[in-house]
Every structure is written in C-alpha cells, then in structure tokens.
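A.B. asks: Mind looking over this structure? Questions follow.
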Amino acid sequence: MIKYDTRKIRPNESISIDTTVDIAMPRGFDAADTAVAVVGSLKNAGGRFVLDARADCLLVSACSRCLVPVEYRLSFHIDENFVEEDEAADEDIEFSDHVIDIYPAIFRNFLLNIPMKPLCAEDCAGLCPGCGKDLNQGDCDCAEEVNEQFSKLLQFFSD
Ligand SMILES: [Zn+2]
Ligand SMILES: [Zn+2]
C-alpha cells in the first residue's frame, strides 16, 4: 500500500510521487509480483485529488502461441481521480479518513495495459496442435502426414 495524507497537500498544490509498487500478478504470468516504478504527481484539485503519473515495469509471461517465457517492458500512463467517500462518481476512486492509497489506481491501469496475448515474435509459428512441437524449431511430422493425406485426396479426385 502506498498511502498519502491528503491534509498535507494544499488546494491547487501537488506533491511529487516517485515510488515503486509491487503489483500482485494475475494468473498466467510467471512472476508472483512485479515492481512497477511510478513517477508523477498527486494534485489537490479542490475536492478531488488527481494522480497523474507514468508507470514502468518489466513483465515476464508465456508467449500465447509457443509458451516460451517472454520478457518485455510495459509503460503506461495513469490519470485517476480520488474523491472522498459518498461524493465519488463511478469512475472515481474513493478514499476516506484523509488517506489516499494509490495502489488501486496503479493496479487498475496495469490490468488495462497488459497485453492479453503476448508474443515472443510477431511471426511466432506456435506449437503444432497435433504433436505439440515448437514449430519455430522446424516442421514436425504431422505436417507431412497431412500433406500425404492431402495428396491422396488430390489423386482420388483426379482419377
Ligand atoms: Zn512464441
Ligand atoms: Zn506436429
């Protein structure tokens, strides 16, 4: 939890934020959690507090086609409003007792930005659905069998 006391931010002033937040990773990702660097500001905009920040992290997840672990950098922008309980609208994040925890804002934007189908390479050939071989490392025998059947079929029709 990364908490800030709103009483320490005067109206129309902002505090700078430069911190690292450990995000609990959703299922399907190799890492148990990921350190996200967050740099930006939290501004008292009179009644609402605006978090305006840039987030950066290194992710490891399995290629959605061939399943090898892929490491890549993810950067995204966070622009969220924190509003006192009872006065918050749907898209606002509520806070109470003068304490703002920016974790939900970071987590929400993180989820919006992680690629659902990461690839090790744009042209990853994936795994053979028949034998499971990684087709990036060469063809498997299934392809030939299919071809043989196909040529038999062609012969059948040409007879
Ligand atoms: Zn791949
Ligand atoms: Zn195969």
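How things are named: the first chain in the structure tokens is A, the next is B, and so on; residues count from 1 in each chain; ligands count from 1 in the order shown.
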Give the residue list for ligand 1 at 7 Å, counting only C-alpha atoms and all ligand atoms, as a PyMOL selection string, sorted by chain and then by residue number.
C.D. replies: chain A and resi 63-68+119-121+124-126
A.B. asks: Restricting the output to N, CA and C atoms, write the selected residues as a short mmCIF file (atom, residue, chain, number, x, y, z; two decimals), in the first residue's frame.
C.D. replies:
data_model
loop_
_atom_site.label_atom_id
_atom_site.label_comp_id
_atom_site.auth_asym_id
_atom_site.auth_seq_id
_atom_site.Cartn_x
_atom_site.Cartn_y
_atom_site.Cartn_z
N CYS A 63 4.63 -16.76 -24.06
CA CYS A 63 4.15 -16.43 -25.41
C CYS A 63 2.83 -17.17 -25.61
N SER A 64 1.82 -16.48 -26.13
CA SER A 64 0.50 -17.10 -26.22
C SER A 64 0.44 -18.17 -27.31
N ARG A 65 1.46 -18.25 -28.16
CA ARG A 65 1.45 -19.30 -29.18
C ARG A 65 2.39 -20.45 -28.87
N CYS A 66 3.63 -20.16 -28.43
CA CYS A 66 4.59 -21.26 -28.25
C CYS A 66 4.95 -21.48 -26.77
N LEU A 67 4.45 -20.62 -25.88
CA LEU A 67 4.60 -20.78 -24.43
C LEU A 67 5.99 -20.52 -23.87
N VAL A 68 6.96 -20.10 -24.68
CA VAL A 68 8.26 -19.76 -24.09
C VAL A 68 8.09 -18.46 -23.29
N LEU A 119 3.35 -12.12 -27.51
CA LEU A 119 4.02 -12.99 -28.46
C LEU A 119 5.54 -12.83 -28.33
N CYS A 120 6.28 -13.94 -28.51
CA CYS A 120 7.74 -13.86 -28.45
C CYS A 120 8.25 -13.15 -29.70
N ALA A 121 7.49 -13.27 -30.78
CA ALA A 121 7.82 -12.58 -32.04
C ALA A 121 6.53 -12.47 -32.84
N CYS A 124 5.72 -15.60 -34.66
CA CYS A 124 5.89 -16.87 -33.95
C CYS A 124 5.02 -17.93 -34.58
N ALA A 125 5.62 -19.11 -34.89
CA ALA A 125 4.89 -20.17 -35.58
C ALA A 125 4.01 -20.98 -34.63
N GLY A 126 4.27 -20.87 -33.32
CA GLY A 126 3.43 -21.57 -32.34
C GLY A 126 3.73 -23.05 -32.24
#
A.B. asks: Counting only C-alpha atoms and all ligand atoms, what residues are within 8 Å of ligand 2, given as a PDB file with C-alpha atoms, in the first residue's frame?
C.D. replies:
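Writing done, so here's result.pdb:
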ATOM      1  CA  LEU A 127       3.043 -25.182 -31.316  1.00  0.00           C
ATOM      2  CA  CYS A 128       1.723 -27.937 -33.563  1.00  0.00           C
ATOM      3  CA  PRO A 129      -1.826 -28.730 -32.414  1.00  0.00           C
ATOM      4  CA  GLY A 130      -1.164 -32.387 -33.279  1.00  0.00           C
ATOM      5  CA  CYS A 131       2.111 -33.219 -31.515  1.00  0.00           C
ATOM      6  CA  GLY A 132       2.884 -30.071 -29.535  1.00  0.00           C
ATOM      7  CA  LYS A 133       6.251 -29.470 -31.167  1.00  0.00           C
ATOM      8  CA  ASP A 139       8.429 -28.594 -39.001  1.00  0.00           C
ATOM      9  CA  CYS A 140       7.087 -31.702 -37.335  1.00  0.00           C
ATOM     10  CA  ASP A 141       5.941 -34.937 -38.943  1.00  0.00           C
ATOM     11  CA  CYS A 142       2.263 -34.101 -38.582  1.00  0.00           C
ATOM     12  CA  ALA A 143       2.538 -31.566 -41.387  1.00  0.00           C
TER      13      ALA A 143
END
A.B. asks: Using only C-alpha atoms, which residue out of A:Ile106, A:Cys57, A:Ala24, A:Ile100 lies closest to A:Ile9?
C.D. replies: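 Comparing A:Ile106, A:Cys57, A:Ala24, A:Ile100 against A:Ile9, the winner is A:Ile100.
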A.B. asks: Could you tell me how far atom CA of A:Val36 sits from atom CA of A:Leu74, in Å to one decimal place?
C.D. replies: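 So the answer is 9.3 Å.
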A.B. asks: Show me, as number ranges by chain, the residues that have an atom within 12 Å of A:Pro115 when counting only C-alpha atoms, minus same-chain residues fewer than 6 positions from it.
C.D. replies: A: 28-29, 59-64, 70, 72-76
A.B. asks: Enumerate, as a VMD selection string, the complete set of residues in stretch 51-151 of chain A that a backbone-based DSSP assignment places in alpha helix (DSSP H).
C.D. replies: chain A and resid 103 to 113 141 to 151
A.B. asks: Expressed in Å to a single decimal, how great is the separation between atom CA of A:Ile17 and atom CA of A:Glu71?
C.D. replies: 26.4 Å
A.B. asks: What does the structure give for the distance between atom CA of A:Lys3 and atom CA of A:Tyr103, in Å to one decimal?
C.D. replies: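 Going from atom CA of A:Lys3 over to atom CA of A:Tyr103, I get 8.3 Å.
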A.B. asks: Taking only C-alpha atoms into account, name the residue in A:Glu80, A:Asp22, A:Glu87, A:Asp97 that is nearest to A:Thr6.
C.D. replies: A:Asp97
